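Let me begin by presenting the structure, written as structure tokens, before commenting on it.
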Amino acid sequence: AQGAARSNGLRFEAISRLQGLPHDQVTALAASTDGAVWLGFANGAVAHWQQGKVKVAHQGRGAPVRAMAASGDSLWWVTYGDGVWLLSQGVAKRLGADGDPPGSFALALARMGGGKLVVGTDSGLFAWDQERWHSVAPYALPHRRVQGLHADAEGLVVATANGYLELDTALSTIAPELRFLGSFPVALPERNLQAVLRARNGDLWFGTPGGLLHL
């Protein structure tokens, strides 16, 4: 692992410790509207890159950053071992107390319309209400290990270790019969879904241990 790389359309430019990165292994990325890029690292650190300059925003506490989301000058990220974090006005804080759901081991996150934050963990799906975490669709999830999330105007697609689930914008379960490509009756050739994306035409794409799955 050698850090990150940036393409200018003709070649790749390496960004490493020589440019100020706090760690060699980049594990998550997020883009902000002003063209800056946020980087998350295997040691839990978070850095900001813009116009060739790197600024470390959070030193981390050893747990790898798994996913990030940016909006304005705020950044949310999840770690596998140290919970969920928010960076706002230059100050980083952990959302929820130690031991609170979603617990320490978070795997994915998404920001929905209205700014609602949803997090996937190895023990289920949770939403943040600005004060505490709430469990989402605990009995509808095909598996409690939530590995990927995609939020858009239609709602939320939840990728798990044993299939997927679709929720509407209110985080209510969409009945399978309302969408031909719902969790059932489609027989997935690979059910361990580790990443998810819904294309503009409504098609679903999943990353799996065996490759890319398109529905």
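Convention: chains lettered A, B, ... in structure tokens order; per-chain residue numbering from 1; ligands numbered from 1 as shown.
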
Checklist entry - If you count only C-alpha atoms, which residues fall within 10 Å of Asp122 of chain A, apart from same-chain ones fewer than 6 positions away, as a PyMOL selection string? => result chain A and resi 80+102-108+143-147+160-161

Next on the checklist: At a cut-off of 10 Å, using only C-alpha atoms, what residues contact Gly3 of chain A? Leave out same-chain residues fewer than 6 positions from it and give the result as number ranges by chain.
Outcome noted: A: 14-19, 21-27, 39, 41

Could you pull the residues within 9 Å of segment 28-36 of chain A, counting only C-alpha atoms, minus those fewer than 3 positions along the same chain, as a compact mmCIF listing (two decimals) with N, CA and C atoms, in the first residue's frame?
```
# COMPACT_ATOMS: atom_id res chain seq x y z
N LEU A 39 -9.94 11.52 2.83
CA LEU A 39 -9.34 10.20 2.81
C LEU A 39 -9.39 9.59 4.21
N GLY A 40 -9.81 8.32 4.29
CA GLY A 40 -9.80 7.59 5.55
C GLY A 40 -8.73 6.52 5.48
N PHE A 41 -8.13 6.19 6.62
CA PHE A 41 -6.96 5.32 6.63
C PHE A 41 -7.13 4.10 7.53
N ALA A 42 -6.26 3.14 7.34
CA ALA A 42 -6.31 1.88 8.07
C ALA A 42 -6.07 2.06 9.56
N HIS A 48 -7.65 15.58 4.64
CA HIS A 48 -8.34 16.39 3.64
C HIS A 48 -7.32 16.79 2.57
N TRP A 49 -7.65 16.52 1.30
CA TRP A 49 -6.75 16.89 0.20
C TRP A 49 -7.43 17.89 -0.70
N GLN A 50 -6.74 18.99 -1.00
CA GLN A 50 -7.28 19.98 -1.92
C GLN A 50 -6.13 20.79 -2.52
N GLN A 51 -6.15 20.88 -3.85
CA GLN A 51 -5.16 21.66 -4.60
C GLN A 51 -3.73 21.30 -4.20
N VAL A 65 -10.92 3.02 8.95
CA VAL A 65 -12.10 3.70 8.41
C VAL A 65 -12.66 2.84 7.28
N ARG A 66 -13.98 2.56 7.32
CA ARG A 66 -14.59 1.69 6.33
C ARG A 66 -15.40 2.44 5.27
N ALA A 67 -15.99 3.58 5.63
CA ALA A 67 -16.80 4.34 4.68
C ALA A 67 -16.91 5.77 5.17
N MET A 68 -17.18 6.72 4.21
CA MET A 68 -17.24 8.13 4.54
C MET A 68 -18.34 8.80 3.72
N ALA A 69 -18.85 9.94 4.23
CA ALA A 69 -19.80 10.77 3.49
C ALA A 69 -19.55 12.22 3.88
N ALA A 70 -19.53 13.10 2.87
CA ALA A 70 -19.25 14.52 3.12
C ALA A 70 -20.41 15.38 2.68
N SER A 71 -20.62 16.49 3.41
CA SER A 71 -21.62 17.48 3.05
C SER A 71 -21.16 18.82 3.58
N GLY A 72 -20.89 19.76 2.67
CA GLY A 72 -20.36 21.05 3.11
C GLY A 72 -19.04 20.87 3.81
N ASP A 73 -18.92 21.45 5.00
CA ASP A 73 -17.67 21.30 5.75
C ASP A 73 -17.77 20.19 6.80
N LEU A 75 -18.14 16.00 7.79
CA LEU A 75 -17.76 14.67 7.32
C LEU A 75 -18.18 13.64 8.34
N TRP A 77 -17.90 9.41 9.20
CA TRP A 77 -17.21 8.18 8.81
C TRP A 77 -17.47 7.08 9.83
```

Checklist entry - When distances are computed from only C-alpha atoms, which of A:Ala151, A:Leu204, A:Val91, A:Ala159 shows the smallest separation from Gly120 of chain A? => result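 Closest candidate: A:Ala159.
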
Checklist entry - Quick one: of A:Thr121, A:Asn162, A:Gln194, A:Thr173, who's nearest to Tyr139 of chain A, counting only C-alpha atoms? => result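 Of the candidates, the smallest distance to Tyr139 of chain A is held by A:Thr173.
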
Next on the checklist: Could you check the closest approach to Ala57 of chain A for each of A:Gly96, A:Gly81, A:Gly210, A:Gly90 and tell me which residue wins, using only C-alpha atoms?
Outcome noted: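 Checking each of A:Gly96, A:Gly81, A:Gly210, A:Gly90 against Ala57 of chain A, counting only C-alpha atoms, the winner is A:Gly90.
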
Item to check | Pick from A:Leu141, A:Leu95, A:Ile174, A:Leu10, whichever lies nearest to Gly124 of chain A using only C-alpha atoms | outcome: A:Leu141

Checklist entry - Which of segment 16-204 of chain A counts as helix (DSSP H, G or I) under DSSP, as a list in words please? => result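 Answer for segment 16-204 of chain A restricted to helix (DSSP H, G or I) is Arg17, Leu18, Gln19, Gly113, Gly114, Gly115, Pro176, Glu177 and Leu178 of chain A.
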
Next on the checklist: According to DSSP computed on the backbone, where in segment 66-200 of chain A is there strand (DSSP E)? Give the residues as an MDAnalysis selection string.
Outcome noted: chainID A and resid 66:71 74:79 84:88 91:94 106:111 117:121 124:128 133:136 146:152 155:160 163:167 195:198

Next on the checklist: Between A:Thr79, A:Gln2, A:Ser172, A:Ser88, which residue has the minimum interatomic distance to Ala140 of chain A, considering only C-alpha atoms?
Outcome noted: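 Going through A:Thr79, A:Gln2, A:Ser172, A:Ser88 one by one, the smallest distance to Ala140 of chain A is for A:Ser172.
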
Next on the checklist: Report, in Å with one decimal, the straight-line distance from atom CA of Leu156 of chain A to atom CA of Asp129 of chain A.
Outcome noted: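 A separation of 16.8 Å between them.
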